[in-house]
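Worksheet: one structure, shown below.
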Amino acid sequence: MDYKIEVKDLNLTIKSNVILRNINLKIEAGKIYGFIGRNGSGKSMLLKSICGLLKPTTGNVIVDSEDIYKKDIFPSNTRAFIDKPSFIGNLTGFENLKLLADIQNKITDEEIKMALKKCDLEGQMNKKYGKYSLGMKQKLAIASVLMEDPDIMIFDEPFNGVDNKSVEKIRSILLTEKQKGKTILIATHIKEDIDLLCDVIYELDLGEIITS
Amino acid sequence: MKSMIYRDLLLFVKKNYKIIIFIILLLVLKTIFNYNNFTNATNNINDSNVLKQDNIIHITSFVYTEQLFFERSLGLTYNINDIIEIIYMCLMISLYIYTAVSIYFSDITSAPEQLFLRMSKKKYILQKLISITIISILMTFILYVTLFITLYVLNVNYFNFELLFINIIYKIILQFIVIALFGYMNIFSYFVILGLYLSIVTFKIKHLYFLFPSWNNFNIYIVIILMLVLPLTYRICHKKIVNLFRKEKMYGL
C-alpha cells in the first residue's frame, strides 16, 4: 500500500537533548490524524520534521513517495500552520493571503476571498492584521492553509484562542476537506478538541509515541 | 518573486524604521561636524607655513579634500587618529550587516512553513539575495539623498556618483560574506567581517590611494570580487538552510 506520508525510525537530537525518538508513522490519504501530548512532548517538532523544516538526526520522512531529506526538498502540495500565526501587521488579512498566494500564482483573488469566507473572516478581510484578535489571527492562518487546496494540511494547535462557534465551523471545514480526499494532521494538547474529528490519534510523551 | 521582495521590504521597514531614522539623523550630524573639521583643515592648508618642503610629503595623504569629506560623512573611510570616526564607520557597516541578517532570517524566525512549502530552497535563497541587494541599494540611495540635501544646505558643491556605485558594491559583498558565514560562526562572524572591512579600508587609506588615484582599475577588481562572492554565498546558503531551523534558538534569533 502506498502511504501519503511515511516516517521511518525518526530520531531528532538537538544539542544532546533528545527531541524525538524512534518515530514510525504511516499516514493514509483521506484521513485526519491527531497528535496529542503535553507541552514539550515533541508534537510541533514532529510536524516540522514532516514539513522538511527540521532535518532528523537519523531516519526518513517520505511524502508522496519522495524522501524529502534525501532529495533535499520540501514536500510538494502541502501547507502547514505551525507555532503561532505570523503575518504582516500593517497589511489587511486579504493582502497578507494575496502576498502568499502570489508566490505560486495558482489561485485567483476570488479563491482567496472564498477561503476567508470559509473561516468566517469575510467581514474582516479588509481590516489590518495588526488589529485582529488572537482568534481571528488563528482563523487567518487556517485560511492560508486552505486557500490553495493542498493535498496535505498540517495544523498545530489550530483551536487556540478560537471561540466555540468557530471551533465547530473549523471542524466542519476539516471534515469536508477529508471527504474530498485530503490528508490532515492536527497537533493539540487538548484531547477533546480532536476526539470527534480524527480517524487516528497518536499520543506523544518525551518525544516518543506512547499510544495510538 | 516581486511579491516576496515587497514582503521583505515591508517587514524590514516595519521592524527597523527607528534604526533607519536614527542613522539618517546621525549622518546629518556627522556631516555638519565634518564640515567644521573640513573648513578648519582647509584654512590650515592655506596657511603657507604648513606647506614647507619638509611637511609637504607628510601631509599629502592627510589633505582634507572634498572627496575625503564626502567619504567620511558616509562612513566609507575614516581618519585613523579619530576614535569617533572609527565608531561612526563601524556603525555604518553594522547597519548593512544587520540589514542583511535581518532580511535573510526574517522568515526563518517566524512561520517559515508559509514560504518554504510554497517555494524551493533555490528560489528562496535567490529571492533573499535579491531582496538584500535591492533594500541595500535603496538604503544607500536614501543616505546619499540625505547627504546631498545636507551638503546643499552647507553650500558644499560636491557629489560623487562613482562613489555611490562602488559603495553599493562594497556593501553587497560585505553582506553576502556575512550571510555565508553566519550559520557557521553566528555572532563572531560580525566581528570577523567588521575587522576584515576595517583592515581593508585602513590598507586602502595607507596604500591604495596612491596606487589607484583614479579608482577605475580598482573598481573593476571590486566587481570581479562580487562576481566570485555571489555564487559562493549561494552555494553555502543552499547547503545550510535546513540546519538553520534547528539552530535558530542557538543563534538567539
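Going by the C-alpha cells order, chains are called A, B, ..., each with residues numbered from 1, while ligands are numbered from 1 in the order shown.
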What residues in chain A have any atom no more than 6 Å from chain B when counting only C-alpha atoms, and can you write them as a PyMOL selection string? chain A and resi 54+86+99
Using the chain letters and numbers from this document, which residues of range 13-208 of chain A does DSSP assign to strand (DSSP E or B), as a PyMOL selection string? chain A and resi 13-14+17-27+32-36+58-63+66-67+78-81+92+128+152-156+183-188+200-205+208
Using backbone DSSP assignments, extract all alpha helix (DSSP H) residues from range 5-137 of chain A; output them as a ChimeraX atom specification. /A:43-50,93-104,109-118,134-137
For Met227 in chain B, work out the shell of residues within 12 Å, counting only C-alpha atoms and skipping chain neighbours fewer than 5 positions away, then give it as a ChimeraX atom specification. /B:169-170,172-173,176,220-222,232-234
Let me see the file: selected residues, N, CA and C atoms, as a PDB file, in the first residue's frame.
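Now in out_8.pdb:
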```pdb
ATOM      1  N   ILE B 169      28.485  48.315  -4.207  1.00  0.00           N
ATOM      2  CA  ILE B 169      29.121  47.016  -4.460  1.00  0.00           C
ATOM      3  C   ILE B 169      29.889  46.534  -3.224  1.00  0.00           C
ATOM      4  N   TYR B 170      30.598  47.442  -2.604  1.00  0.00           N
ATOM      5  CA  TYR B 170      31.314  47.116  -1.362  1.00  0.00           C
ATOM      6  C   TYR B 170      30.362  46.502  -0.331  1.00  0.00           C
ATOM      7  N   ILE B 172      27.381  45.233  -0.694  1.00  0.00           N
ATOM      8  CA  ILE B 172      26.748  43.966  -1.088  1.00  0.00           C
ATOM      9  C   ILE B 172      27.732  42.802  -0.878  1.00  0.00           C
ATOM     10  N   ILE B 173      28.982  43.006  -1.233  1.00  0.00           N
ATOM     11  CA  ILE B 173      29.994  41.954  -0.998  1.00  0.00           C
ATOM     12  C   ILE B 173      30.039  41.638   0.500  1.00  0.00           C
ATOM     13  N   PHE B 176      26.929  39.675   1.611  1.00  0.00           N
ATOM     14  CA  PHE B 176      26.927  38.285   1.147  1.00  0.00           C
ATOM     15  C   PHE B 176      27.902  37.441   1.972  1.00  0.00           C
ATOM     16  N   ILE B 220      37.046  47.822 -11.027  1.00  0.00           N
ATOM     17  CA  ILE B 220      36.868  46.583 -11.797  1.00  0.00           C
ATOM     18  C   ILE B 220      37.165  45.378 -10.909  1.00  0.00           C
ATOM     19  N   TYR B 221      38.201  45.480 -10.080  1.00  0.00           N
ATOM     20  CA  TYR B 221      38.518  44.369  -9.179  1.00  0.00           C
ATOM     21  C   TYR B 221      37.376  44.110  -8.203  1.00  0.00           C
ATOM     22  N   ILE B 222      36.780  45.190  -7.730  1.00  0.00           N
ATOM     23  CA  ILE B 222      35.672  45.048  -6.768  1.00  0.00           C
ATOM     24  C   ILE B 222      34.497  44.314  -7.424  1.00  0.00           C
ATOM     25  N   LEU B 232      29.393  31.738  -4.541  1.00  0.00           N
ATOM     26  CA  LEU B 232      29.903  31.079  -3.342  1.00  0.00           C
ATOM     27  C   LEU B 232      28.878  31.202  -2.203  1.00  0.00           C
ATOM     28  N   THR B 233      28.340  32.406  -2.024  1.00  0.00           N
ATOM     29  CA  THR B 233      27.317  32.634  -0.983  1.00  0.00           C
ATOM     30  C   THR B 233      26.098  31.764  -1.264  1.00  0.00           C
ATOM     31  N   TYR B 234      25.699  31.725  -2.524  1.00  0.00           N
ATOM     32  CA  TYR B 234      24.521  30.946  -2.889  1.00  0.00           C
ATOM     33  C   TYR B 234      24.717  29.474  -2.518  1.00  0.00           C
TER      34      TYR B 234
END
```
With distances taken over only C-alpha atoms, which residue among A:Lys4, A:Lys31, A:Lys117, A:Lys139 lies nearest Lys180 in chain A?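 Using only C-alpha atoms, Lys180 in chain A sits closest to A:Lys31.
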Provide the CA of Val178 in chain B to CA of Gln67 in chain B distance in Å, to one decimal place.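 Separation of CA of Val178 in chain B and CA of Gln67 in chain B: 28.3 Å.
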Proximity to Thr108 in chain A - best of A:Ile73, A:Met147, A:Tyr132, A:Asn17, only C-alpha atoms: A:Met147
Which residue of B:Phe141, B:Tyr104, B:Phe148, B:Phe161 approaches Lys128 in chain B most closely, using only C-alpha atoms: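 Of the candidates, the smallest distance to Lys128 in chain B is held by B:Tyr104.
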Please determine, counting only C-alpha atoms, which residue among A:Phe35, A:Tyr69, A:Phe87, A:Tyr129 has the shortest atom-to-atom distance to Ile186 in chain A.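 That would be A:Phe35, the residue with the smallest distance to Ile186 in chain A.
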Contacts of Ile24 in chain B within 9 Å, only C-alpha atoms, excl. fewer than 6 positions in-chain, as a list in words: Ile142, Leu143, Thr146 and Leu147 of chain B
For the selection just defined, write its residues with C-alpha atoms to a file, as a PDB file, in the first residue's frame.
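Final file, part_0.pdb:
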```
ATOM      1  CA  ILE B 142      18.374  57.345   0.888  1.00  0.00           C
ATOM      2  CA  LEU B 143      21.644  58.060   2.728  1.00  0.00           C
ATOM      3  CA  THR B 146      20.223  62.891   2.841  1.00  0.00           C
ATOM      4  CA  LEU B 147      23.886  63.758   2.383  1.00  0.00           C
TER       5      LEU B 147
END
```
Using only C-alpha atoms, determine which residues lie at most 10 Å from range 59-65 of chain A, disregarding the query and same-chain residues fewer than 5 positions distant; provide the list as an NGL selection string. :A and (2-12 or 21-27 or 29 or 49-52 or 70 or 74-78 or 152)
Pick from B:Ala180, B:Glu162, B:Asp82, B:Cys90 nearest to Arg235 in chain B, counting only C-alpha atoms: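 The answer is B:Ala180, which sits nearest to Arg235 in chain B.
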